[in-house]
Amino acid sequence: NFGGQPSFPSFAEVVDRLVAYMDACGFNTFYYPAVWYHGPLYPSASQGDAQHGSRPHPPDFLRYLLRCFEPRGIQLVATFNVHDLPSLGDVETDEDRVRAGVSTPLTVLWNSGLKRTGWHGTEGDFNPLDPRVHEAVGELVGELAARYGDSPAFGGVCLHLPRHSLLWFGSADTGYNDENLRAFEQDTGIALGLDYADPLRANRAYRVLIGKHQQRWLDWRSQRIAKEWGEYADLLRRARPDLTLTTNLYTVLDETDRHPTEAPESIDYAAEAGECGADIRELAKIPNVRFMNTFSPGLYRWERSRRSPATPTQRAIRAANFSPSAYDPFAAQGRPFGVHQPVRLPEPDHPVPGLRPGAALHVLPVPLPQAAEARRRPDERLRRR
């Protein structure tokens with residue numbers, strides 16, 4: 001997080017330290033948000049500049065990063081850590097009107113309500129299959145490719161996918177919008193027997209779909225999501241053939257909370273991702289896709305330092321980092337696969353000035369490279385000596 005350095009020379013000093021750190025550690029790729037919670041951090045033609053006071057950056061700081069990275073062979077991958085967008089701010093939020101048939105890009109829940117509020121740990125507020133959502137995200141991907149694709153240091157886009165991202169469904173409890181239900185019926189030939197004038201039709205659809213057609217419903221949603229993400233990847237390829245689309249799944253980190261008494265080895269994390277809308281088999285068909293899973297060994301340490309030891313949740317968090325099901329199915333798809341490890345600081349005996357007591361400072365480092373790649377630059381320096 002560069003927030004707090006909105007101007008030069010302070011921003012330049014931070015970037016100089018970043019480059020020195022990456023070079024010393026052998027890192028050659030830097031993942032950083034271009035689209036943050038409420039919109040772009042760069043001057044976007046379609047969404048404006050959505051920077052907020054808590055995370056200021058210099059104007060067009062991404063271009064500065066690229067210029068610093070180019071002579072060093074470092075790549076910048078622009079991440080989408082996005083909850084909502086400015087263009088989606090004026091939408092229909094009245095549940096009675098939506099139940100009467102008015103369209104909205106907000107997601108319709110299993111109980112026929114609208115998802116209008118929520119944050120970490122809940123599903124996203126928007127229906128990712130709504131054209132207004134899909135087109136807005138596509139415009140941003142196209143903008144980034146056109147704006148920065150001329151730099152050899154620009155590596156592509158990463159979709160950062162905790163449960164609350166607007167890029168997917170987040171669980172089987174969302175996405176019961178009329179448009180989705182009609183499209184499912186048309187594509188699959190499965191009649192749901194709905195009266196589209198019934199104000200509780202979303203709940204009736206949920207009971208039919210989960211009760212009788214759950215896998216077909218989840219597969220259909222994932223295929224639609226894969227088609228959308230494939231279009232984003234195509235925008236990148238057309239701008240430059242080597243640009244990639246990375247999907248950074250938080251499924252392992254998020255889903256341990258749902259299974260505190262189960263051994264993580266017994267949990268099918270690929271299926272959990274499919275429930276959220278990401279079928280790795282479908283995504284693997286995208287030519288320039290890369291897979292990444294997020295783990296947090298530091299979360300276990302943070303939990304143990306503040307709560308009673310050996311609770312079921314702590315055991316699940318610890319064991320998930322060693323579960324084969326969190327690695328093997330994803331690595332077996334024939335696409336590059338990496339690991340992302342956010343950490344929580346400080347330790348109890350290392351307070352950070354200005355941080356309120358008991359708060360956690362989140363540090364999101366670059367993904368960990370494979371061992372051979374991690375050692376490449378240090379080895380080169382030793383050989384030169």
# chains A, B, ... in the order shown; residues from 1 in each chain; ligands from 1
$ residues_around --residues "Cys276 in chain A" --least-positions-apart "4" --cutoff "8 Å" --atoms "only C-alpha atoms" --output "ChimeraX atom specification"
/A:163,168-172,272
$ write_last_selection --atoms "all heavy atoms" --output "mmCIF file, in the first residue's frame"
data_model
loop_
_atom_site.group_PDB
_atom_site.id
_atom_site.type_symbol
_atom_site.label_atom_id
_atom_site.label_comp_id
_atom_site.auth_asym_id
_atom_site.auth_seq_id
_atom_site.Cartn_x
_atom_site.Cartn_y
_atom_site.Cartn_z
ATOM 1 N N ARG A 163 -14.369 -13.329 -1.394
ATOM 2 C CA ARG A 163 -15.788 -13.615 -1.605
ATOM 3 C C ARG A 163 -16.578 -12.373 -2.022
ATOM 4 O O ARG A 163 -17.536 -12.464 -2.799
ATOM 5 C CB ARG A 163 -16.379 -14.207 -0.317
ATOM 6 C CG ARG A 163 -17.789 -14.736 -0.489
ATOM 7 C CD ARG A 163 -18.322 -15.297 0.812
ATOM 8 N NE ARG A 163 -17.484 -16.392 1.299
ATOM 9 C CZ ARG A 163 -17.608 -16.950 2.484
ATOM 10 N NH1 ARG A 163 -18.508 -16.500 3.335
ATOM 11 N NH2 ARG A 163 -16.829 -17.932 2.853
ATOM 12 N N TRP A 168 -17.414 -11.979 -9.316
ATOM 13 C CA TRP A 168 -18.036 -13.302 -9.320
ATOM 14 C C TRP A 168 -19.167 -13.329 -8.309
ATOM 15 O O TRP A 168 -19.539 -12.296 -7.752
ATOM 16 C CB TRP A 168 -17.002 -14.391 -9.072
ATOM 17 C CG TRP A 168 -16.320 -14.377 -7.707
ATOM 18 C CD1 TRP A 168 -16.385 -13.407 -6.739
ATOM 19 C CD2 TRP A 168 -15.455 -15.397 -7.202
ATOM 20 N NE1 TRP A 168 -15.610 -13.762 -5.663
ATOM 21 C CE2 TRP A 168 -15.027 -14.971 -5.922
ATOM 22 C CE3 TRP A 168 -14.993 -16.604 -7.696
ATOM 23 C CZ2 TRP A 168 -14.159 -15.736 -5.128
ATOM 24 C CZ3 TRP A 168 -14.132 -17.362 -6.909
ATOM 25 C CH2 TRP A 168 -13.725 -16.924 -5.646
ATOM 26 N N PHE A 169 -19.755 -14.508 -8.061
ATOM 27 C CA PHE A 169 -20.939 -14.591 -7.205
ATOM 28 C C PHE A 169 -20.608 -14.654 -5.722
ATOM 29 O O PHE A 169 -21.363 -14.151 -4.898
ATOM 30 C CB PHE A 169 -21.772 -15.825 -7.588
ATOM 31 C CG PHE A 169 -22.426 -15.715 -8.925
ATOM 32 C CD1 PHE A 169 -21.863 -16.329 -10.035
ATOM 33 C CD2 PHE A 169 -23.586 -14.981 -9.086
ATOM 34 C CE1 PHE A 169 -22.453 -16.223 -11.282
ATOM 35 C CE2 PHE A 169 -24.194 -14.870 -10.324
ATOM 36 C CZ PHE A 169 -23.619 -15.486 -11.434
ATOM 37 N N GLY A 170 -19.516 -15.314 -5.340
ATOM 38 C CA GLY A 170 -19.124 -15.378 -3.946
ATOM 39 C C GLY A 170 -19.730 -16.525 -3.168
ATOM 40 O O GLY A 170 -19.197 -16.923 -2.138
ATOM 41 N N SER A 171 -20.845 -17.083 -3.619
ATOM 42 C CA SER A 171 -21.453 -18.270 -3.005
ATOM 43 C C SER A 171 -22.644 -18.675 -3.863
ATOM 44 O O SER A 171 -22.982 -18.006 -4.846
ATOM 45 C CB SER A 171 -21.905 -17.999 -1.560
ATOM 46 O OG SER A 171 -23.170 -17.378 -1.528
ATOM 47 N N ALA A 172 -23.300 -19.753 -3.466
ATOM 48 C CA ALA A 172 -24.510 -20.200 -4.172
ATOM 49 C C ALA A 172 -25.744 -19.438 -3.733
ATOM 50 O O ALA A 172 -26.844 -19.702 -4.243
ATOM 51 C CB ALA A 172 -24.716 -21.691 -3.963
ATOM 52 N N GLU A 272 -15.232 -25.525 -4.035
ATOM 53 C CA GLU A 272 -15.620 -24.294 -3.340
ATOM 54 C C GLU A 272 -15.485 -23.091 -4.273
ATOM 55 O O GLU A 272 -16.332 -22.195 -4.292
ATOM 56 C CB GLU A 272 -14.741 -24.092 -2.098
ATOM 57 C CG GLU A 272 -14.807 -25.201 -1.076
ATOM 58 C CD GLU A 272 -16.002 -25.070 -0.140
ATOM 59 O OE1 GLU A 272 -16.888 -24.250 -0.423
ATOM 60 O OE2 GLU A 272 -16.032 -25.802 0.872
#
$ select_by_dssp --residues "range 144-197 of chain A" --states "helix (DSSP H, G or I)" --output "number ranges by chain"
A: 144-148, 178-188
$ residues_around --residues "Asp173 in chain A" --least-positions-apart "4" --cutoff "9 Å" --atoms "only C-alpha atoms" --output "compact mmCIF listing (two decimals) with C-alpha atoms, in the first residue's frame"
# COMPACT_ATOMS: atom_id res chain seq x y z
CA VAL A 108 -30.76 -10.93 -5.94
CA LEU A 109 -30.33 -13.22 -2.95
CA TRP A 110 -31.77 -16.67 -2.31
CA ASN A 111 -34.53 -15.14 -0.16
CA GLU A 123 -20.80 -12.04 -0.99
CA PHE A 169 -20.94 -14.59 -7.21
CA TYR A 206 -33.32 -21.16 -5.34
$ closest_residue --among "A:Gln214, A:Gln51, A:Asn180, A:Gln75" --to "Val19 in chain A" --atoms "only C-alpha atoms"
A:Gln75
$ residues_around --residues "Ser112 in chain A" --least-positions-apart "6" --cutoff "6 Å" --atoms "only C-alpha atoms" --output "list in words"
Leu200, Ala202 and Asn203 of chain A
$ write_last_selection --atoms "N, CA and C atoms" --output "PDB file, in the first residue's frame"
ATOM      1  N   LEU A 200     -41.844 -13.594  -4.859  1.00  0.00           N
ATOM      2  CA  LEU A 200     -40.913 -14.500  -4.186  1.00  0.00           C
ATOM      3  C   LEU A 200     -40.306 -15.513  -5.156  1.00  0.00           C
ATOM      4  N   ALA A 202     -37.520 -15.554  -6.780  1.00  0.00           N
ATOM      5  CA  ALA A 202     -36.102 -15.855  -6.603  1.00  0.00           C
ATOM      6  C   ALA A 202     -35.919 -16.964  -5.571  1.00  0.00           C
ATOM      7  N   ASN A 203     -36.688 -16.915  -4.491  1.00  0.00           N
ATOM      8  CA  ASN A 203     -36.587 -17.960  -3.479  1.00  0.00           C
ATOM      9  C   ASN A 203     -37.101 -19.289  -4.004  1.00  0.00           C
TER      10      ASN A 203
END
$ select_by_dssp --residues "range 222-307 of chain A" --states "strand (DSSP E or B)" --output "list of chain:residue names"
A:Thr244, A:Leu245, A:Thr246, A:Thr247, A:Asn248, A:Leu249, A:Val289, A:Arg290, A:Phe291, A:Met292, A:Asn293, A:Thr294
$ residues_around --residues "range 320-324 of chain A" --least-positions-apart "3" --cutoff "8 Å" --atoms "only C-alpha atoms" --output "PyMOL selection string"
chain A and resi 252-253+256+264-265+295-297+316-317+327-328
$ closest_residue --among "A:Ala100, A:Phe337, A:Phe61, A:Ala273" --to "Asp195 in chain A" --atoms "only C-alpha atoms"
A:Ala100
$ residues_around --residues "range 232-241 of chain A" --least-positions-apart "2" --cutoff "12 Å" --atoms "only C-alpha atoms" --output "PDB file with N, CA, C and O atoms, in the first residue's frame"
ATOM      1  N   VAL A  77       1.905  -6.069 -12.670  1.00  0.00           N
ATOM      2  CA  VAL A  77       0.597  -6.632 -12.974  1.00  0.00           C
ATOM      3  C   VAL A  77      -0.443  -5.828 -12.201  1.00  0.00           C
ATOM      4  O   VAL A  77      -0.344  -5.685 -10.977  1.00  0.00           O
ATOM      5  N   ALA A  78      -1.423  -5.283 -12.917  1.00  0.00           N
ATOM      6  CA  ALA A  78      -2.443  -4.422 -12.314  1.00  0.00           C
ATOM      7  C   ALA A  78      -3.574  -5.274 -11.750  1.00  0.00           C
ATOM      8  O   ALA A  78      -4.197  -6.046 -12.484  1.00  0.00           O
ATOM      9  N   HIS A 134     -20.425  -6.278 -16.306  1.00  0.00           N
ATOM     10  CA  HIS A 134     -19.434  -6.873 -17.212  1.00  0.00           C
ATOM     11  C   HIS A 134     -18.805  -5.832 -18.135  1.00  0.00           C
ATOM     12  O   HIS A 134     -17.585  -5.808 -18.325  1.00  0.00           O
ATOM     13  N   GLU A 135     -19.615  -4.969 -18.702  1.00  0.00           N
ATOM     14  CA  GLU A 135     -19.085  -3.962 -19.627  1.00  0.00           C
ATOM     15  C   GLU A 135     -18.201  -2.956 -18.907  1.00  0.00           C
ATOM     16  O   GLU A 135     -17.188  -2.500 -19.454  1.00  0.00           O
ATOM     17  N   ALA A 136     -18.565  -2.592 -17.682  1.00  0.00           N
ATOM     18  CA  ALA A 136     -17.740  -1.646 -16.925  1.00  0.00           C
ATOM     19  C   ALA A 136     -16.363  -2.230 -16.635  1.00  0.00           C
ATOM     20  O   ALA A 136     -15.342  -1.549 -16.778  1.00  0.00           O
ATOM     21  N   VAL A 137     -16.325  -3.505 -16.229  1.00  0.00           N
ATOM     22  CA  VAL A 137     -15.037  -4.145 -15.954  1.00  0.00           C
ATOM     23  C   VAL A 137     -14.241  -4.293 -17.246  1.00  0.00           C
ATOM     24  O   VAL A 137     -13.030  -4.033 -17.291  1.00  0.00           O
ATOM     25  N   GLY A 138     -14.906  -4.690 -18.324  1.00  0.00           N
ATOM     26  CA  GLY A 138     -14.225  -4.837 -19.596  1.00  0.00           C
ATOM     27  C   GLY A 138     -13.610  -3.538 -20.085  1.00  0.00           C
ATOM     28  O   GLY A 138     -12.506  -3.523 -20.646  1.00  0.00           O
ATOM     29  N   GLU A 139     -14.328  -2.435 -19.882  1.00  0.00           N
ATOM     30  CA  GLU A 139     -13.771  -1.134 -20.272  1.00  0.00           C
ATOM     31  C   GLU A 139     -12.488  -0.834 -19.505  1.00  0.00           C
ATOM     32  O   GLU A 139     -11.518  -0.306 -20.071  1.00  0.00           O
ATOM     33  N   LEU A 140     -12.466  -1.154 -18.227  1.00  0.00           N
ATOM     34  CA  LEU A 140     -11.268  -0.898 -17.424  1.00  0.00           C
ATOM     35  C   LEU A 140     -10.092  -1.765 -17.886  1.00  0.00           C
ATOM     36  O   LEU A 140      -8.964  -1.279 -17.979  1.00  0.00           O
ATOM     37  N   VAL A 141     -10.354  -3.032 -18.173  1.00  0.00           N
ATOM     38  CA  VAL A 141      -9.285  -3.903 -18.672  1.00  0.00           C
ATOM     39  C   VAL A 141      -8.744  -3.359 -19.987  1.00  0.00           C
ATOM     40  O   VAL A 141      -7.523  -3.279 -20.197  1.00  0.00           O
ATOM     41  N   GLY A 142      -9.659  -2.961 -20.890  1.00  0.00           N
ATOM     42  CA  GLY A 142      -9.227  -2.405 -22.169  1.00  0.00           C
ATOM     43  C   GLY A 142      -8.449  -1.118 -22.015  1.00  0.00           C
ATOM     44  O   GLY A 142      -7.459  -0.879 -22.728  1.00  0.00           O
ATOM     45  N   GLU A 143      -8.870  -0.279 -21.073  1.00  0.00           N
ATOM     46  CA  GLU A 143      -8.146   0.971 -20.809  1.00  0.00           C
ATOM     47  C   GLU A 143      -6.722   0.703 -20.357  1.00  0.00           C
ATOM     48  O   GLU A 143      -5.772   1.329 -20.837  1.00  0.00           O
ATOM     49  N   LEU A 144      -6.580  -0.212 -19.414  1.00  0.00           N
ATOM     50  CA  LEU A 144      -5.242  -0.507 -18.890  1.00  0.00           C
ATOM     51  C   LEU A 144      -4.337  -1.064 -19.984  1.00  0.00           C
ATOM     52  O   LEU A 144      -3.163  -0.690 -20.089  1.00  0.00           O
ATOM     53  N   ALA A 145      -4.884  -1.954 -20.814  1.00  0.00           N
ATOM     54  CA  ALA A 145      -4.085  -2.525 -21.894  1.00  0.00           C
ATOM     55  C   ALA A 145      -3.669  -1.453 -22.890  1.00  0.00           C
ATOM     56  O   ALA A 145      -2.517  -1.438 -23.357  1.00  0.00           O
ATOM     57  N   ALA A 146      -4.598  -0.555 -23.218  1.00  0.00           N
ATOM     58  CA  ALA A 146      -4.282   0.494 -24.188  1.00  0.00           C
ATOM     59  C   ALA A 146      -3.355   1.544 -23.597  1.00  0.00           C
ATOM     60  O   ALA A 146      -2.473   2.072 -24.282  1.00  0.00           O
ATOM     61  N   ARG A 147      -3.536   1.849 -22.329  1.00  0.00           N
ATOM     62  CA  ARG A 147      -2.776   2.922 -21.701  1.00  0.00           C
ATOM     63  C   ARG A 147      -1.343   2.512 -21.375  1.00  0.00           C
ATOM     64  O   ARG A 147      -0.407   3.324 -21.523  1.00  0.00           O
ATOM     65  N   TYR A 148      -1.162   1.257 -20.947  1.00  0.00           N
ATOM     66  CA  TYR A 148       0.144   0.837 -20.442  1.00  0.00           C
ATOM     67  C   TYR A 148       0.772  -0.311 -21.228  1.00  0.00           C
ATOM     68  O   TYR A 148       1.906  -0.709 -20.932  1.00  0.00           O
ATOM     69  N   GLY A 149       0.060  -0.837 -22.217  1.00  0.00           N
ATOM     70  CA  GLY A 149       0.585  -1.969 -22.974  1.00  0.00           C
ATOM     71  C   GLY A 149       1.817  -1.652 -23.788  1.00  0.00           C
ATOM     72  O   GLY A 149       2.520  -2.567 -24.230  1.00  0.00           O
ATOM     73  N   ASP A 150       2.113  -0.365 -23.998  1.00  0.00           N
ATOM     74  CA  ASP A 150       3.324   0.005 -24.734  1.00  0.00           C
ATOM     75  C   ASP A 150       4.582  -0.222 -23.911  1.00  0.00           C
ATOM     76  O   ASP A 150       5.689  -0.250 -24.454  1.00  0.00           O
ATOM     77  N   SER A 151       4.448  -0.391 -22.612  1.00  0.00           N
ATOM     78  CA  SER A 151       5.607  -0.605 -21.752  1.00  0.00           C
ATOM     79  C   SER A 151       5.904  -2.094 -21.631  1.00  0.00           C
ATOM     80  O   SER A 151       5.012  -2.880 -21.278  1.00  0.00           O
ATOM     81  N   PRO A 152       7.142  -2.519 -21.881  1.00  0.00           N
ATOM     82  CA  PRO A 152       7.479  -3.937 -21.696  1.00  0.00           C
ATOM     83  C   PRO A 152       7.370  -4.380 -20.244  1.00  0.00           C
ATOM     84  O   PRO A 152       7.332  -5.581 -19.965  1.00  0.00           O
ATOM     85  N   ALA A 153       7.299  -3.427 -19.323  1.00  0.00           N
ATOM     86  CA  ALA A 153       7.173  -3.770 -17.903  1.00  0.00           C
ATOM     87  C   ALA A 153       5.735  -4.071 -17.504  1.00  0.00           C
ATOM     88  O   ALA A 153       5.501  -4.563 -16.394  1.00  0.00           O
ATOM     89  N   PHE A 154       4.765  -3.770 -18.366  1.00  0.00           N
ATOM     90  CA  PHE A 154       3.372  -4.070 -18.041  1.00  0.00           C
ATOM     91  C   PHE A 154       3.099  -5.528 -18.354  1.00  0.00           C
ATOM     92  O   PHE A 154       3.296  -5.985 -19.478  1.00  0.00           O
ATOM     93  N   GLY A 155       2.640  -6.278 -17.341  1.00  0.00           N
ATOM     94  CA  GLY A 155       2.485  -7.723 -17.496  1.00  0.00           C
ATOM     95  C   GLY A 155       1.067  -8.208 -17.650  1.00  0.00           C
ATOM     96  O   GLY A 155       0.851  -9.381 -17.945  1.00  0.00           O
ATOM     97  N   GLY A 156       0.070  -7.343 -17.416  1.00  0.00           N
ATOM     98  CA  GLY A 156      -1.317  -7.774 -17.549  1.00  0.00           C
ATOM     99  C   GLY A 156      -2.142  -7.392 -16.339  1.00  0.00           C
ATOM    100  O   GLY A 156      -1.846  -6.425 -15.633  1.00  0.00           O
ATOM    101  N   VAL A 157      -3.190  -8.185 -16.085  1.00  0.00           N
ATOM    102  CA  VAL A 157      -4.195  -7.875 -15.062  1.00  0.00           C
ATOM    103  C   VAL A 157      -4.385  -9.095 -14.171  1.00  0.00           C
ATOM    104  O   VAL A 157      -4.336 -10.235 -14.633  1.00  0.00           O
ATOM    105  N   CYS A 158      -4.606  -8.844 -12.885  1.00  0.00           N
ATOM    106  CA  CYS A 158      -4.919  -9.895 -11.914  1.00  0.00           C
ATOM    107  C   CYS A 158      -6.283  -9.613 -11.290  1.00  0.00           C
ATOM    108  O   CYS A 158      -6.521  -8.504 -10.797  1.00  0.00           O
ATOM    109  N   LEU A 159      -7.167 -10.585 -11.325  1.00  0.00           N
ATOM    110  CA  LEU A 159      -8.469 -10.489 -10.663  1.00  0.00           C
ATOM    111  C   LEU A 159      -8.320 -11.011  -9.241  1.00  0.00           C
ATOM    112  O   LEU A 159      -8.109 -12.205  -9.021  1.00  0.00           O
ATOM    113  N   LEU A 167     -16.623  -9.359  -9.166  1.00  0.00           N
ATOM    114  CA  LEU A 167     -16.246 -10.087 -10.375  1.00  0.00           C
ATOM    115  C   LEU A 167     -16.858 -11.482 -10.443  1.00  0.00           C
ATOM    116  O   LEU A 167     -16.823 -12.116 -11.491  1.00  0.00           O
ATOM    117  N   ILE A 225     -19.214 -17.022 -16.254  1.00  0.00           N
ATOM    118  CA  ILE A 225     -18.106 -16.247 -15.689  1.00  0.00           C
ATOM    119  C   ILE A 225     -16.837 -16.466 -16.511  1.00  0.00           C
ATOM    120  O   ILE A 225     -16.104 -15.518 -16.833  1.00  0.00           O
ATOM    121  N   ALA A 226     -16.548 -17.721 -16.863  1.00  0.00           N
ATOM    122  CA  ALA A 226     -15.350 -18.018 -17.655  1.00  0.00           C
ATOM    123  C   ALA A 226     -15.406 -17.322 -19.007  1.00  0.00           C
ATOM    124  O   ALA A 226     -14.376 -16.855 -19.518  1.00  0.00           O
ATOM    125  N   LYS A 227     -16.583 -17.236 -19.589  1.00  0.00           N
ATOM    126  CA  LYS A 227     -16.727 -16.525 -20.864  1.00  0.00           C
ATOM    127  C   LYS A 227     -16.391 -15.040 -20.685  1.00  0.00           C
ATOM    128  O   LYS A 227     -15.684 -14.446 -21.512  1.00  0.00           O
ATOM    129  N   GLU A 228     -16.890 -14.433 -19.614  1.00  0.00           N
ATOM    130  CA  GLU A 228     -16.594 -13.022 -19.361  1.00  0.00           C
ATOM    131  C   GLU A 228     -15.097 -12.808 -19.126  1.00  0.00           C
ATOM    132  O   GLU A 228     -14.492 -11.901 -19.714  1.00  0.00           O
ATOM    133  N   TRP A 229     -14.512 -13.624 -18.265  1.00  0.00           N
ATOM    134  CA  TRP A 229     -13.086 -13.457 -17.982  1.00  0.00           C
ATOM    135  C   TRP A 229     -12.254 -13.759 -19.218  1.00  0.00           C
ATOM    136  O   TRP A 229     -11.190 -13.161 -19.417  1.00  0.00           O
ATOM    137  N   GLY A 230     -12.737 -14.682 -20.049  1.00  0.00           N
ATOM    138  CA  GLY A 230     -12.056 -14.942 -21.306  1.00  0.00           C
ATOM    139  C   GLY A 230     -12.062 -13.730 -22.216  1.00  0.00           C
ATOM    140  O   GLY A 230     -11.094 -13.478 -22.949  1.00  0.00           O
ATOM    141  N   LEU A 243       0.565 -10.522 -22.764  1.00  0.00           N
ATOM    142  CA  LEU A 243      -0.117 -10.069 -21.549  1.00  0.00           C
ATOM    143  C   LEU A 243      -0.987 -11.187 -20.992  1.00  0.00           C
ATOM    144  O   LEU A 243      -1.622 -11.939 -21.733  1.00  0.00           O
ATOM    145  N   THR A 244      -1.037 -11.294 -19.665  1.00  0.00           N
ATOM    146  CA  THR A 244      -1.731 -12.407 -19.012  1.00  0.00           C
ATOM    147  C   THR A 244      -2.860 -11.911 -18.121  1.00  0.00           C
ATOM    148  O   THR A 244      -2.878 -10.763 -17.671  1.00  0.00           O
ATOM    149  N   LEU A 245      -3.799 -12.820 -17.855  1.00  0.00           N
ATOM    150  CA  LEU A 245      -4.867 -12.600 -16.883  1.00  0.00           C
ATOM    151  C   LEU A 245      -4.674 -13.596 -15.757  1.00  0.00           C
ATOM    152  O   LEU A 245      -4.709 -14.811 -15.976  1.00  0.00           O
ATOM    153  N   THR A 246      -4.464 -13.096 -14.532  1.00  0.00           N
ATOM    154  CA  THR A 246      -4.275 -13.954 -13.362  1.00  0.00           C
ATOM    155  C   THR A 246      -5.542 -13.957 -12.527  1.00  0.00           C
ATOM    156  O   THR A 246      -6.152 -12.910 -12.298  1.00  0.00           O
ATOM    157  N   THR A 247      -5.956 -15.125 -12.073  1.00  0.00           N
ATOM    158  CA  THR A 247      -7.087 -15.231 -11.147  1.00  0.00           C
ATOM    159  C   THR A 247      -6.532 -15.600  -9.776  1.00  0.00           C
ATOM    160  O   THR A 247      -5.991 -16.682  -9.587  1.00  0.00           O
ATOM    161  N   LEU A 283     -11.725 -22.193 -16.745  1.00  0.00           N
ATOM    162  CA  LEU A 283     -10.761 -21.095 -16.826  1.00  0.00           C
ATOM    163  C   LEU A 283      -9.464 -21.546 -17.492  1.00  0.00           C
ATOM    164  O   LEU A 283      -8.805 -20.752 -18.174  1.00  0.00           O
ATOM    165  N   ALA A 284      -9.098 -22.801 -17.326  1.00  0.00           N
ATOM    166  CA  ALA A 284      -7.857 -23.305 -17.916  1.00  0.00           C
ATOM    167  C   ALA A 284      -7.901 -23.292 -19.445  1.00  0.00           C
ATOM    168  O   ALA A 284      -6.850 -23.392 -20.090  1.00  0.00           O
ATOM    169  N   LYS A 285      -9.085 -23.163 -20.023  1.00  0.00           N
ATOM    170  CA  LYS A 285      -9.213 -23.096 -21.478  1.00  0.00           C
ATOM    171  C   LYS A 285      -8.819 -21.725 -22.029  1.00  0.00           C
ATOM    172  O   LYS A 285      -8.649 -21.581 -23.241  1.00  0.00           O
ATOM    173  N   ILE A 286      -8.696 -20.734 -21.157  1.00  0.00           N
ATOM    174  CA  ILE A 286      -8.299 -19.390 -21.592  1.00  0.00           C
ATOM    175  C   ILE A 286      -6.802 -19.404 -21.862  1.00  0.00           C
ATOM    176  O   ILE A 286      -6.007 -19.736 -20.969  1.00  0.00           O
ATOM    177  N   PRO A 287      -6.366 -19.042 -23.066  1.00  0.00           N
ATOM    178  CA  PRO A 287      -4.942 -19.240 -23.431  1.00  0.00           C
ATOM    179  C   PRO A 287      -3.946 -18.536 -22.524  1.00  0.00           C
ATOM    180  O   PRO A 287      -2.879 -19.078 -22.246  1.00  0.00           O
ATOM    181  N   ASN A 288      -4.248 -17.332 -22.079  1.00  0.00           N
ATOM    182  CA  ASN A 288      -3.247 -16.556 -21.337  1.00  0.00           C
ATOM    183  C   ASN A 288      -3.601 -16.406 -19.857  1.00  0.00           C
ATOM    184  O   ASN A 288      -3.255 -15.409 -19.227  1.00  0.00           O
ATOM    185  N   VAL A 289      -4.279 -17.413 -19.280  1.00  0.00           N
ATOM    186  CA  VAL A 289      -4.684 -17.324 -17.878  1.00  0.00           C
ATOM    187  C   VAL A 289      -3.602 -17.912 -16.977  1.00  0.00           C
ATOM    188  O   VAL A 289      -2.860 -18.819 -17.370  1.00  0.00           O
ATOM    189  N   ARG A 290      -3.513 -17.364 -15.780  1.00  0.00           N
ATOM    190  CA  ARG A 290      -2.649 -17.897 -14.728  1.00  0.00           C
ATOM    191  C   ARG A 290      -3.473 -18.064 -13.463  1.00  0.00           C
ATOM    192  O   ARG A 290      -4.367 -17.273 -13.194  1.00  0.00           O
TER     193      ARG A 290
END
$ atom_distance --atom1 "CA of Asp187 in chain A" --atom2 "CA of Leu166 in chain A"
23.4 Å
